[in-house]
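First the structure, in the form of structure tokens, and then the observations on it.
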Amino acid sequence: MPEGHTIHRAARDQRPMLVGQALDIASPQGRFAEGADLLDGQTCTGIDAYGKHLLYRFAGGAVLHVHLGLFGQFRTSKRPAAEPRGAVRVRMMSSSHVVDINGPTICEVLDEAGVLALTSRIGPDVLRADADPERAWQRIAKSRTAIGQLLMDQSVIAGIGNIYRSEILWRQRLHPQVQGKSVTREKYDSIWRDAVNLLEIGVKNNAIITVDGVKKSRSRYGERVNIFGKPFCPACATDIRKFEIANRRVFACETCQPPAPLADVPT
Ligand SMILES: [Zn+2]
């Protein structure tokens, strides 16, 4: 699944392609034909990311809401437009560029009330300048749920996905199964700062880089990580433990991140 930095990067890349222009909007695949008809010809006034949600704003007040989910993807190109590849749900064309969206989980038109309802369901997004970290702290400080699960819950805190989750907790020397309410305020502030720092690096490089002071790798996604998918800890050489929280793989070094006492393990 794309993590938050991917969506903010897409917003950043697509703004100069689309914003300020009247767009030709169609649904080559047909499943978004009605929405495309509604938006076709309108001027795009802004593109905004909230966690993993992307909002394209239009002059008439309508907003196109897209969530890529597990398999969705964006494809951008210059005009002239090539034939749509695969099932293109929505194609947006400015005078210069083509943006295709394939396989999103959500692709819908919202009004202002719908946008407000959506953004109030999403926790503070570590990549947004207007994010309020206090909102996430209020949820975490009261919760018996594992911090490793809370960091992935987009209604608590937005933008952190599966890889960042394991990496941030390792960097903060906190075991993923520690309950939210056992996390100190100081540790939470440190998690928030590290998440902002790492996701900003992710947006800039368009790759997940959680090792300090390195450039992206030459692998397909350019990732550079400490423990996610790794056999042993780069700090202490202990074998990395792999397990699941809420059906998603999580990694931890139980020397650097001592497990919680039994009483603290979430039920
Ligand atoms: Zn270690």
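For the structure tokens, the naming scheme is as follows: chains receive sequential letters (A, B, ...) according to their order of presentation, residues are indexed from 1 within each chain, and ligands are indexed from 1 in presentation order.
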
With only C-alpha atoms as the counted atoms, please give the residues lying no more than 8 Å from Ala87 of chain A, apart from itself and same-chain residues fewer than 2 positions off, as a PyMOL selection string. chain A and resi 28-29+84-85+89+102-103

Filtering to C-alpha atoms, could you give me those residues as a compact mmCIF listing (two decimals), in the first residue's frame?
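Output contents, as saved in out.txt:
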# COMPACT_ATOMS: atom_id res chain seq x y z
CA PRO A 28 -12.20 5.48 -20.18
CA GLN A 29 -13.14 2.38 -18.15
CA PRO A 84 -5.46 4.39 -21.86
CA ARG A 85 -3.49 1.51 -20.31
CA ARG A 89 -11.07 4.92 -13.90
CA ASN A 102 -6.19 3.13 -12.29
CA GLY A 103 -7.77 0.87 -9.71

List all protein, DNA and RNA residues that have at least one atom no more than 10 Å from any atom of ligand 1, counting only C-alpha atoms and all ligand atoms, and write them as a list in words. Trp170, Arg171, Arg173, Asn226, Ile227, Phe232, Cys233, Pro234, Ala235, Cys236, Ala237, Thr238, Asp239, Ile240, Ala252, Cys253, Glu254, Thr255, Cys256, Gln257 and Pro258 of chain A

For atom CA of Lys181 of chain A and atom CA of Ser143 of chain A, the interatomic separation in Å (one decimal):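 Computing the Euclidean distance for atom CA of Lys181 of chain A and atom CA of Ser143 of chain A yields 5.2 Å.
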
Which residues come within 8 Å of Thr76 of chain A, counting only C-alpha atoms, excluding same-chain residues fewer than 5 positions away, as a PyMOL selection string? chain A and resi 97-100

Shell of 9 Å around Leu70 of chain A, only C-alpha atoms, local chain residues under 4 positions omitted, as a list in words: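 Residues near the query, excluding close chain neighbours: Met1, Pro2, Gly103, Pro104 and Thr105 of chain A.
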
Using backbone DSSP assignments, extract all strand (DSSP E) residues from segment 148-264 of chain A; output them as a list in words. Arg241, Lys242, Phe243, Glu244, Ile245, Arg248, Arg249, Val250, Phe251 and Ala252 of chain A

Could you save those same residues with N, CA and C atoms as a JSON list (two decimals), in the first residue's frame?
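out.json, freshly written:
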[["chain", "number", "residue", "atom", "x", "y", "z"],
["A", 241, "ARG", "N", 12.93, -9.90, 14.92],
["A", 241, "ARG", "CA", 11.71, -10.71, 15.07],
["A", 241, "ARG", "C", 10.63, -10.16, 14.15],
["A", 242, "LYS", "N", 9.97, -11.11, 13.45],
["A", 242, "LYS", "CA", 8.88, -10.72, 12.55],
["A", 242, "LYS", "C", 7.58, -11.30, 13.09],
["A", 243, "PHE", "N", 6.56, -10.52, 13.21],
["A", 243, "PHE", "CA", 5.26, -11.03, 13.68],
["A", 243, "PHE", "C", 4.16, -10.18, 13.05],
["A", 244, "GLU", "N", 2.93, -10.40, 13.50],
["A", 244, "GLU", "CA", 1.83, -9.64, 12.92],
["A", 244, "GLU", "C", 1.07, -8.88, 13.99],
["A", 245, "ILE", "N", 0.65, -7.67, 13.62],
["A", 245, "ILE", "CA", -0.31, -6.93, 14.45],
["A", 245, "ILE", "C", -1.43, -6.55, 13.49],
["A", 248, "ARG", "N", -0.95, -7.29, 9.75],
["A", 248, "ARG", "CA", 0.12, -6.67, 8.95],
["A", 248, "ARG", "C", 1.46, -6.99, 9.58],
["A", 249, "ARG", "N", 2.44, -7.29, 8.72],
["A", 249, "ARG", "CA", 3.77, -7.66, 9.18],
["A", 249, "ARG", "C", 4.42, -6.51, 9.93],
["A", 250, "VAL", "N", 5.03, -6.85, 11.06],
["A", 250, "VAL", "CA", 5.79, -5.85, 11.80],
["A", 250, "VAL", "C", 7.12, -6.47, 12.20],
["A", 251, "PHE", "N", 8.14, -5.65, 12.28],
["A", 251, "PHE", "CA", 9.48, -6.12, 12.61],
["A", 251, "PHE", "C", 9.97, -5.37, 13.83],
["A", 252, "ALA", "N", 10.79, -6.07, 14.65],
["A", 252, "ALA", "CA", 11.34, -5.40, 15.83],
["A", 252, "ALA", "C", 12.64, -6.09, 16.23]]
